[in-house]
$ cat target30.pdb   # PDB, C-alpha atoms
ATOM      1  CA  MET R 257      53.998  75.795 129.658
ATOM      2  CA  ILE R 258      53.121  79.358 130.604
ATOM      3  CA  LYS R 259      53.261  79.901 134.361
ATOM      4  CA  VAL R 260      51.480  82.810 136.073
ATOM      5  CA  ARG R 261      52.830  84.084 139.369
ATOM      6  CA  ARG R 262      52.566  87.115 141.600
ATOM      7  CA  TYR R 263      54.649  90.195 140.872
ATOM      8  CA  GLU R 264      57.883  90.751 142.779
ATOM      9  CA  GLN R 265      59.474  94.192 142.957
ATOM     10  CA  VAL R 266      62.546  92.953 141.064
ATOM     11  CA  ASP R 267      60.229  92.408 138.062
ATOM     12  CA  SER R 268      59.498  96.111 137.625
ATOM     13  CA  ILE R 269      62.215  96.867 135.048
ATOM     14  CA  VAL R 270      61.310  93.839 132.914
ATOM     15  CA  LEU R 271      57.640  94.860 133.051
ATOM     16  CA  TRP R 272      58.588  98.389 131.960
ATOM     17  CA  ASP R 273      60.485  96.903 129.024
ATOM     18  CA  ILE R 274      57.459  94.796 128.048
ATOM     19  CA  PHE R 275      55.141  97.807 128.314
ATOM     20  CA  PHE R 276      57.513 100.147 126.452
ATOM     21  CA  ASN R 277      58.412  97.761 123.625
ATOM     22  CA  THR R 278      54.850  96.524 123.136
ATOM     23  CA  VAL R 279      53.483 100.062 122.842
ATOM     24  CA  ARG R 280      56.384 101.179 120.639
ATOM     25  CA  THR R 281      56.318  98.061 118.417
ATOM     26  CA  VAL R 282      52.788  96.656 118.283
ATOM     27  CA  ASN R 283      50.610  99.704 118.898
ATOM     28  CA  THR R 284      52.192 101.617 116.014
ATOM     29  CA  GLN R 285      49.784  99.752 113.731
ATOM     30  CA  ASP R 286      46.917 101.811 115.191
ATOM     31  CA  TYR R 287      48.529 104.919 116.675
ATOM     32  CA  SER R 288      50.896 107.572 115.323
ATOM     33  CA  LEU R 289      54.533 107.847 116.342
ATOM     34  CA  ALA R 290      53.711 110.939 118.424
ATOM     35  CA  GLN R 291      50.940 109.043 120.207
ATOM     36  CA  VAL R 292      53.071 106.006 121.096
ATOM     37  CA  GLN R 293      55.931 108.268 122.179
ATOM     38  CA  ALA R 294      53.556 110.075 124.548
ATOM     39  CA  TRP R 295      52.092 106.782 125.793
ATOM     40  CA  ALA R 296      55.507 105.160 126.345
ATOM     41  CA  PRO R 297      58.070 107.963 126.719
ATOM     42  CA  GLU R 298      61.812 107.371 126.264
ATOM     43  CA  SER R 299      62.637 108.810 129.669
ATOM     44  CA  PHE R 300      60.344 107.906 132.505
ATOM     45  CA  ASP R 301      60.913 108.079 136.257
ATOM     46  CA  MET R 302      61.328 104.433 137.215
ATOM     47  CA  SER R 303      60.377 105.156 140.823
ATOM     48  CA  VAL R 304      56.928 106.241 139.554
ATOM     49  CA  TRP R 305      56.687 102.998 137.555
ATOM     50  CA  GLU R 306      57.750 100.906 140.558
ATOM     51  CA  ARG R 307      55.133 102.596 142.758
ATOM     52  CA  LYS R 308      52.483 101.894 140.094
ATOM     53  CA  MET R 309      53.438  98.218 139.911
ATOM     54  CA  ASP R 310      53.488  97.965 143.717
ATOM     55  CA  GLU R 311      50.009  99.544 143.740
ATOM     56  CA  ILE R 312      48.341  97.360 141.093
ATOM     57  CA  LYS R 313      50.116  94.132 142.139
ATOM     58  CA  PRO R 314      50.199  92.518 138.703
ATOM     59  CA  PHE R 315      50.472  88.882 137.772
ATOM     60  CA  VAL R 316      53.475  87.886 135.704
ATOM     61  CA  ALA R 317      53.470  85.289 132.920
ATOM     62  CA  GLU R 318      56.647  83.265 132.427
ATOM     63  CA  LEU R 319      57.611  80.891 129.664
ATOM     64  CA  ASP R 320      60.822  78.920 130.232
ATOM     65  CA  ASN R 321      61.664  81.323 133.093
ATOM     66  CA  ILE R 322      61.388  84.348 130.788
ATOM     67  CA  ILE R 323      58.829  87.019 131.681
ATOM     68  CA  VAL R 324      56.571  87.272 128.628
ATOM     69  CA  GLY R 325      53.605  89.291 129.885
ATOM     70  CA  TYR R 326      51.744  90.749 132.819
ATOM     71  CA  CYS R 327      48.291  91.888 133.885
ATOM     72  CA  ASP R 328      46.380  92.871 136.984
ATOM     73  CA  LEU R 329      42.887  92.665 138.446
ATOM     74  CA  GLN R 330      41.712  95.330 140.847
ATOM     75  CA  SER R 331      39.065  94.777 143.540
ATOM     76  CA  ASP R 332      36.392  96.612 141.498
ATOM     77  CA  GLY R 333      37.070  94.417 138.440
ATOM     78  CA  LEU R 334      39.367  96.856 136.619
ATOM     79  CA  ILE R 335      42.113  95.354 134.496
ATOM     80  CA  ASP R 336      44.472  98.335 134.577
ATOM     81  CA  HIS R 337      47.411  96.761 132.709
ATOM     82  CA  PHE R 338      47.412  93.869 130.243
ATOM     83  CA  PHE R 339      50.557  93.521 128.134
ATOM     84  CA  CYS R 340      52.223  90.637 126.330
ATOM     85  CA  HIS R 341      55.818  90.830 125.154
ATOM     86  CA  HIS R 342      55.778  91.796 121.475
ATOM     87  CA  GLN R 343      57.899  88.769 120.511
ATOM     88  CA  TYR R 344      55.552  86.328 122.272
ATOM     89  CA  GLN R 345      52.186  87.508 120.959
ATOM     90  CA  GLY R 346      50.077  84.785 119.381
ATOM     91  CA  LYS R 347      51.685  82.088 121.535
ATOM     92  CA  GLY R 348      48.983  81.760 124.222
ATOM     93  CA  VAL R 349      50.396  84.268 126.732
ATOM     94  CA  GLY R 350      47.383  86.583 126.580
ATOM     95  CA  ARG R 351      44.981  83.645 126.691
ATOM     96  CA  ARG R 352      46.725  82.290 129.803
ATOM     97  CA  LEU R 353      46.681  85.696 131.521
ATOM     98  CA  MET R 354      43.013  86.280 130.662
ATOM     99  CA  SER R 355      42.103  82.829 131.949
ATOM    100  CA  HIS R 356      43.891  83.647 135.196
ATOM    101  CA  ILE R 357      42.025  86.955 135.572
ATOM    102  CA  VAL R 358      38.616  85.419 134.885
ATOM    103  CA  SER R 359      39.230  82.590 137.365
ATOM    104  CA  LEU R 360      40.425  85.064 139.975
ATOM    105  CA  ALA R 361      37.414  87.343 139.426
ATOM    106  CA  ILE R 362      35.039  84.392 139.877
ATOM    107  CA  GLU R 363      36.924  83.314 143.010
ATOM    108  CA  ARG R 364      36.659  86.892 144.377
ATOM    109  CA  ASN R 365      32.951  87.177 143.462
ATOM    110  CA  ILE R 366      33.600  90.013 141.030
ATOM    111  CA  ALA R 367      30.628  89.977 138.645
ATOM    112  CA  ARG R 368      32.011  92.433 136.058
ATOM    113  CA  ILE R 369      35.531  92.858 134.763
ATOM    114  CA  TYR R 370      36.416  95.850 132.623
ATOM    115  CA  SER R 371      39.333  97.690 131.073
ATOM    116  CA  HIS R 372      40.298 100.736 129.028
ATOM    117  CA  VAL R 373      41.440  98.979 125.870
ATOM    118  CA  SER R 374      43.539 100.279 122.989
ATOM    119  CA  LEU R 375      42.479 100.068 119.352
ATOM    120  CA  THR R 376      45.132  97.374 118.981
ATOM    121  CA  ALA R 377      43.918  95.210 121.883
ATOM    122  CA  LYS R 378      40.186  95.581 121.156
ATOM    123  CA  PRO R 379      39.919  92.442 118.933
ATOM    124  CA  PHE R 380      41.748  90.376 121.570
ATOM    125  CA  PHE R 381      39.332  91.449 124.312
ATOM    126  CA  GLU R 382      36.348  90.843 122.004
ATOM    127  CA  ARG R 383      37.523  87.247 121.456
ATOM    128  CA  PHE R 384      37.185  86.760 125.220
ATOM    129  CA  GLY R 385      33.623  88.043 125.339
ATOM    130  CA  PHE R 386      34.216  91.676 126.256
ATOM    131  CA  ARG R 387      31.922  94.251 124.709
ATOM    132  CA  VAL R 388      32.426  97.953 124.127
ATOM    133  CA  VAL R 389      30.704 100.175 126.675
ATOM    134  CA  SER R 390      32.016 103.422 125.212
ATOM    135  CA  GLU R 391      34.652 104.892 122.947
ATOM    136  CA  GLN R 392      36.922 107.316 124.779
ATOM    137  CA  ASN R 393      39.269 110.067 123.709
ATOM    138  CA  VAL R 394      42.011 110.411 126.325
ATOM    139  CA  LYS R 395      44.891 112.859 126.569
ATOM    140  CA  VAL R 396      48.305 111.408 127.361
ATOM    141  CA  ARG R 397      51.177 113.876 127.679
ATOM    142  CA  GLY R 398      49.430 116.231 125.274
ATOM    143  CA  GLU R 399      48.433 113.615 122.690
ATOM    144  CA  ALA R 400      44.840 112.501 122.101
ATOM    145  CA  LEU R 401      44.372 108.726 121.926
ATOM    146  CA  ILE R 402      41.233 106.732 121.251
ATOM    147  CA  ASN R 403      40.515 103.749 123.455
ATOM    148  CA  PHE R 404      37.460 101.814 124.572
ATOM    149  CA  GLU R 405      35.941 100.999 127.902
ATOM    150  CA  MET R 406      35.137  97.309 127.539
ATOM    151  CA  GLU R 407      33.437  94.967 129.979
ATOM    152  CA  LYS R 408      32.595  91.340 130.510
ATOM    153  CA  TRP R 409      29.959  90.057 132.895
ATOM    154  CA  LEU R 410      30.796  86.771 134.598
TER     155      LEU R 410
END
$ encode --input "target30.pdb" --output "structure tokens"
Amino acid sequence: MIKVRRYEQVDSIVLWDIFFNTVRTVNTQDYSLAQVQAWAPESFDMSVWERKMDEIKPFVAELDNIIVGYCDLQSDGLIDHFFCHHQYQGKGVGRRLMSHIVSLAIERNIARIYSHVSLTAKPFFERFGFRVVSEQNVKVRGEALINFEMEKWL
């Protein structure tokens, strides 16, 4: 069973590994090597990452006490991060995290949830009823990447 819990600061390195390896492994199907290297750089200041995780206060998914994914929900409905470990995709981790976010949004009276979604994640979000608001071209460390603002009304 996949358990969702609140983030603890000791999780930050594992969450970086999930982010880094997912971008570098899974997102290469839709983005160039230069793009994924800019998005998830080899050397990154971990104190910046820790501050980001402390700021967004993600939820962590565990399967058999192994962290297999994480996501967040901000007060305005933004899902800033949503990542599943590349070796656990297709096993219900994303579904469990999305279910958690939707339930939490309803509980918090958030009428609209939205995210800036990669080409790779777009079909996943569409399966959960999100629709594209706009296509975006963003610059990350000098590389242009296409993503989509997607939303779901609850």
$ resolve_selection --input "target30.pdb" --expression "the PyMOL selection byres ((chain R and resi 361) around 12)" --output "ChimeraX atom specification"
/R:328-335,354-360,362-370,408-410
$ closest_residue --input "target30.pdb" --among "R:Val396, R:Val260, R:Val388, R:Leu271" --to "Gly350 (chain R)" --atoms "all atoms listed in the file"
R:Val260
$ resolve_selection --input "target30.pdb" --expression "the PyMOL selection byres ((chain R and resi 287-298) around 6)" --output "PyMOL selection string"
chain R and resi 276+280+284+286+299+397+399
$ atom_distance --input "target30.pdb" --atom1 "CA of Asp336 (chain R)" --atom2 "CA of Met406 (chain R)"
11.7 Å
$ closest_residue --input "target30.pdb" --among "R:Phe339, R:Ile322, R:Val270, R:Ala400" --to "Val282 (chain R)" --atoms "only C-alpha atoms"
R:Phe339
$ atom_distance --input "target30.pdb" --atom1 "CA of Gln345 (chain R)" --atom2 "CA of Gly325 (chain R)"
9.2 Å
$ residues_around --input "target30.pdb" --residues "Ser268 (chain R)" --least-positions-apart "3" --cutoff "9 Å" --atoms "all atoms listed in the file" --output "count of residues only"
11
$ closest_residue --input "target30.pdb" --among "R:Glu407, R:Leu401, R:Phe338, R:Ile312" --to "Arg387 (chain R)" --atoms "only C-alpha atoms"
R:Glu407
$ atom_distance --input "target30.pdb" --atom1 "CA of Lys378 (chain R)" --atom2 "CA of Asn277 (chain R)"
18.5 Å
$ axis_aligned_box --input "target30.pdb" --around "region 332-349 of chain R" --padding-each-side "6 Å" --output "JSON"
{"center_x": 47.1, "center_y": 90.0, "center_z": 130.4, "size_x": 33.5, "size_y": 28.6, "size_z": 34.1}
$ resolve_selection --input "target30.pdb" --expression "the PyMOL selection byres ((chain R and resi 390) around 7)" --output "PyMOL selection string"
chain R and resi 388-389+391-392+404-405
$ closest_residue --input "target30.pdb" --among "R:Ala377, R:Ile269, R:Glu382, R:His372" --to "Val394 (chain R)" --atoms "all atoms listed in the file"
R:His372
$ residues_near_point --input "target30.pdb" --point "(54.7, 82.6, 138.3)" --cutoff "10 Å" --atoms "all atoms listed in the file" --output "list in words"
Ile258, Lys259, Val260, Arg261, Arg262, Tyr263, Glu264, Phe315, Val316, Ala317, Glu318, Leu319, Asn321 and Ile323 of chain R
$ closest_residue --input "target30.pdb" --among "R:Gly398, R:Val373, R:Tyr344, R:Asp301" --to "Phe386 (chain R)" --atoms "all atoms listed in the file"
R:Val373
